[in-house]
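Chemist: To start, I am sharing the structure in question, which I have written as structure tokens.
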Amino acid sequence: MSTAADPTAMINSEVAALEAELIAFRRDLHSHPELGYAEHRTTGKIIDALSAAGLQPRRLPSGTGVLCDIVPGGDDGGTDRPMIGLRADIDALPIADGKDVPYRSVNPGVCHACGHDVHTTVLLGTGLLFARRPDLLTKGVRLIFQPAEEANPGGAPMTIEAGALDGLDEVYALHCDPRTEVGRIALRTGPITSATDRILVRLSGAGGHTSRPHLTVDLVGALAQIAVEAPMLLSRRIDPRGGSSLVWGRINAGTAANAIPEFGELEGTVRSLQVSGWTDAQRQLPSLIAQIAEPFGATADVTVTPGVPPTVNHADGVRRLTEAASAVLGRDAVGVTEQSLGGEDFSWMLQQVPGAMARLGVRPADADPAEVFDIHQPRFDPDERAISAGVSVFGRLCSGDLRPGAPDTIA
């Protein structure tokens, strides 16, 4: 058991002492972002920092990503010791950095525009906290630095295969949220993100001169019809309670105004609020699109690439995060969030081990929400005070049972 009757004040004090070091670490990561499965420098920095603190990190077999166990008293934990997993994603996005700051990305066309540098730093800070104060731990903790969250397929299944979840009783994650004020987190029980798949439609048919369309297959017309009709028809083919949304992001065909092309492509995403809608959309889309293309005489080759299922928060995990955040950030620091249509491969981990993901507030307290840049935008830049808030929440989550009187579980 912890030697402290109430570790809250001690955690906040230790985190404050680490704050400058953690901000510097985050800015270094932000300056040197790396895409999924190529996070070699990032992985090395994580390993160096944990090793310098006396911990024993181990690189994932893929070459990027890190696992690091910390147990009370420094023993090997044994097979029956309770273990809690904490996960952060470490990859960046193929987006050019649009900020004019000293820590702007030095890698052209790559940027931490989703806040993974913050996630990584929060998890590192949690490791450093318990390296300094192992007496605060009442159970084992596994730090999971996962590569390639933004890739498709994402890095979570590979990380799980490498043993990230072995022996865990619960697992948690935080994700930057510019809609939530810094110093707060937001939660919901049940799905907090959605299922996401990519869909690619390749059409083919006889091309020719636009003066003789009756001798050709009007591929441009067929692509346009699919773009307009498929989203509407999908909503009529599957249960609307599944909450599926098909949105196109790219359409391409032809090279000349007076030539009907032989090939064309349409690409987009289908997102579903529920697993039922996710599986139904995968099943229905190929035949639905073929039926739209058929009157044109076009041949449709439809590829649906499965992405991730919804991230479904467990009720007890939400309760634990709510209590931890309330203890270290204040009783009013936890809000309710809506389910997003974004995808998150932490969902695979929650399918195997109970736990929850919370949205970590990164919006400055005095900022107009309408003027704050969203994630996946080149100028997204979170309030760095979120780092200390996240470390404190994770620290309190792992430091034993909380006292009665915390707010009710978020519904």
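Every chain in the structure tokens has a letter given in the order shown (A, B, ...), and although residue numbers restart at 1 in each chain, ligands are simply numbered from 1 in the order shown.
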Where does range 239-258 of chain A meet range 281-284 of chain A within 10 Å, residue by residue, with the nearest atom pair and distance in Å to one decimal for each, counting only C-alpha atoms, listed by chain and rising number, as JSON lines?
Modeler:
```
{"residue": "A:Asp239", "atom": "CA", "partner": "A:Ala281", "partner_atom": "CA", "distance": 9.7}
{"residue": "A:Gly242", "atom": "CA", "partner": "A:Ala281", "partner_atom": "CA", "distance": 9.3}
{"residue": "A:Ser244", "atom": "CA", "partner": "A:Ala281", "partner_atom": "CA", "distance": 7.3}
{"residue": "A:Ser245", "atom": "CA", "partner": "A:Ala281", "partner_atom": "CA", "distance": 9.2}
{"residue": "A:Leu246", "atom": "CA", "partner": "A:Ala281", "partner_atom": "CA", "distance": 9.1}
```
Chemist: Hey, can you spit out that residue selection with C-alpha atoms as a PDB file, in the first residue's frame?
Modeler:
```pdb
ATOM      1  CA  ASP A 239     -30.623   0.357 -39.522  1.00  0.00           C
ATOM      2  CA  GLY A 242     -26.239   2.207 -36.429  1.00  0.00           C
ATOM      3  CA  SER A 244     -23.449   5.301 -40.485  1.00  0.00           C
ATOM      4  CA  SER A 245     -22.188   8.224 -42.580  1.00  0.00           C
ATOM      5  CA  LEU A 246     -20.540   7.891 -46.017  1.00  0.00           C
TER       6      LEU A 246
END
```
Chemist: Got a sec: who's within 12 Å of Ala49 in chain A, counting only C-alpha atoms, leaving out chain neighbours fewer than 5 positions off, as a VMD selection string?
Modeler: chain A and resid 21 to 22 25 42 to 44 54 to 57 66 68 120 to 121 123 to 128 131
Chemist: The selected residues should be written to file as a compact mmCIF listing (two decimals), in the first residue's frame (atoms: N, CA, C and O atoms).
Modeler:
```
# COMPACT_ATOMS: atom_id res chain seq x y z
N GLU A 21 10.60 20.22 -17.41
CA GLU A 21 11.25 19.14 -18.15
C GLU A 21 10.31 18.52 -19.17
O GLU A 21 10.72 18.21 -20.30
N LEU A 22 9.05 18.35 -18.79
CA LEU A 22 8.09 17.73 -19.69
C LEU A 22 7.74 18.64 -20.85
O LEU A 22 7.59 18.18 -22.00
N PHE A 25 10.48 18.39 -23.28
CA PHE A 25 10.42 17.11 -24.00
C PHE A 25 9.36 17.17 -25.09
O PHE A 25 9.60 16.75 -26.23
N THR A 42 11.73 9.23 -32.00
CA THR A 42 10.80 9.37 -30.89
C THR A 42 10.94 8.21 -29.91
O THR A 42 11.01 8.41 -28.69
N THR A 43 11.01 7.01 -30.44
CA THR A 43 11.18 5.82 -29.60
C THR A 43 12.47 5.90 -28.80
O THR A 43 12.51 5.60 -27.60
N GLY A 44 13.55 6.32 -29.47
CA GLY A 44 14.83 6.44 -28.77
C GLY A 44 14.78 7.46 -27.65
O GLY A 44 15.35 7.24 -26.56
N GLY A 54 15.91 5.30 -14.25
CA GLY A 54 16.08 4.03 -13.54
C GLY A 54 15.07 2.98 -13.91
O GLY A 54 15.02 1.91 -13.27
N LEU A 55 14.26 3.22 -14.94
CA LEU A 55 13.26 2.24 -15.37
C LEU A 55 13.84 1.34 -16.46
O LEU A 55 14.94 1.57 -16.94
N GLN A 56 13.08 0.33 -16.83
CA GLN A 56 13.57 -0.66 -17.79
C GLN A 56 12.62 -0.77 -18.99
O GLN A 56 11.88 -1.76 -19.14
N PRO A 57 12.64 0.21 -19.87
CA PRO A 57 11.77 0.16 -21.06
C PRO A 57 12.25 -0.88 -22.05
O PRO A 57 13.43 -1.22 -22.09
N VAL A 66 7.21 1.48 -27.37
CA VAL A 66 7.89 1.09 -26.13
C VAL A 66 6.87 0.55 -25.13
O VAL A 66 5.76 1.07 -25.02
N CYS A 68 6.87 -0.40 -20.87
CA CYS A 68 7.68 -0.25 -19.66
C CYS A 68 6.80 -0.52 -18.45
O CYS A 68 5.80 0.16 -18.22
N THR A 120 2.21 11.47 -25.60
CA THR A 120 3.47 10.79 -25.29
C THR A 120 4.13 11.40 -24.07
O THR A 120 4.64 10.69 -23.19
N THR A 121 4.11 12.72 -23.99
CA THR A 121 4.75 13.41 -22.87
C THR A 121 4.01 13.16 -21.57
O THR A 121 4.63 13.00 -20.51
N LEU A 123 2.38 10.45 -20.81
CA LEU A 123 2.70 9.09 -20.37
C LEU A 123 4.14 9.01 -19.85
O LEU A 123 4.40 8.35 -18.84
N LEU A 124 5.05 9.69 -20.53
CA LEU A 124 6.42 9.74 -20.03
C LEU A 124 6.45 10.37 -18.64
O LEU A 124 7.11 9.86 -17.72
N GLY A 125 5.74 11.48 -18.46
CA GLY A 125 5.71 12.14 -17.17
C GLY A 125 5.16 11.24 -16.07
O GLY A 125 5.63 11.29 -14.92
N THR A 126 4.18 10.41 -16.42
CA THR A 126 3.65 9.46 -15.44
C THR A 126 4.72 8.46 -15.03
O THR A 126 4.86 8.12 -13.84
N GLY A 127 5.50 7.99 -16.00
CA GLY A 127 6.60 7.09 -15.68
C GLY A 127 7.65 7.75 -14.80
O GLY A 127 8.14 7.14 -13.83
N LEU A 128 7.99 9.00 -15.11
CA LEU A 128 8.98 9.71 -14.30
C LEU A 128 8.45 9.97 -12.89
O LEU A 128 9.21 9.91 -11.91
N ALA A 131 8.81 6.75 -11.06
CA ALA A 131 10.23 6.45 -10.85
C ALA A 131 10.77 7.24 -9.66
O ALA A 131 11.60 6.74 -8.88
```
Chemist: Give me the residues within 7 Å of Ala186 in chain A as a ChimeraX atom specification, counting only C-alpha atoms and dropping any in the same chain fewer than 6 places off.
Modeler: /A:334-337,358-360
Chemist: For the structure I just gave you, how does DSSP split range 171-290 of chain A - specifically, which residues are helix (DSSP H, G or I)? Reply as a ChimeraX atom specification.
Modeler: /A:213-215,219-237,240-242,275-290
Chemist: Restricting the calculation to only C-alpha atoms, which member of A:Leu397, A:Ala367, A:Ile260, A:Ala52 is positioned closest to Gly208 in chain A?
Modeler: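 Closest to Gly208 in chain A, using only C-alpha atoms: A:Ile260.
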Chemist: Can you pull out every residue within 8 Å of range 143-150 of chain A, counting only C-alpha atoms, but drop anything in the same chain fewer than 5 positions away, and send it as a PyMOL selection string?
Modeler: chain A and resi 35-37+39+64-69+85-93+120+123+127+155-156+159+164+344-345
Chemist: Contacts of range 220-235 of chain A at 7 Å or less, counting only C-alpha atoms, minus same-chain residues fewer than 2 places along, as a list in words?
Modeler: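 The filter keeps Asp218, Arg237, Ile238, Pro240, Leu246, Trp248, Ala253, Leu266, Ile289, Ile292, Ala293 and Phe296 of chain A.
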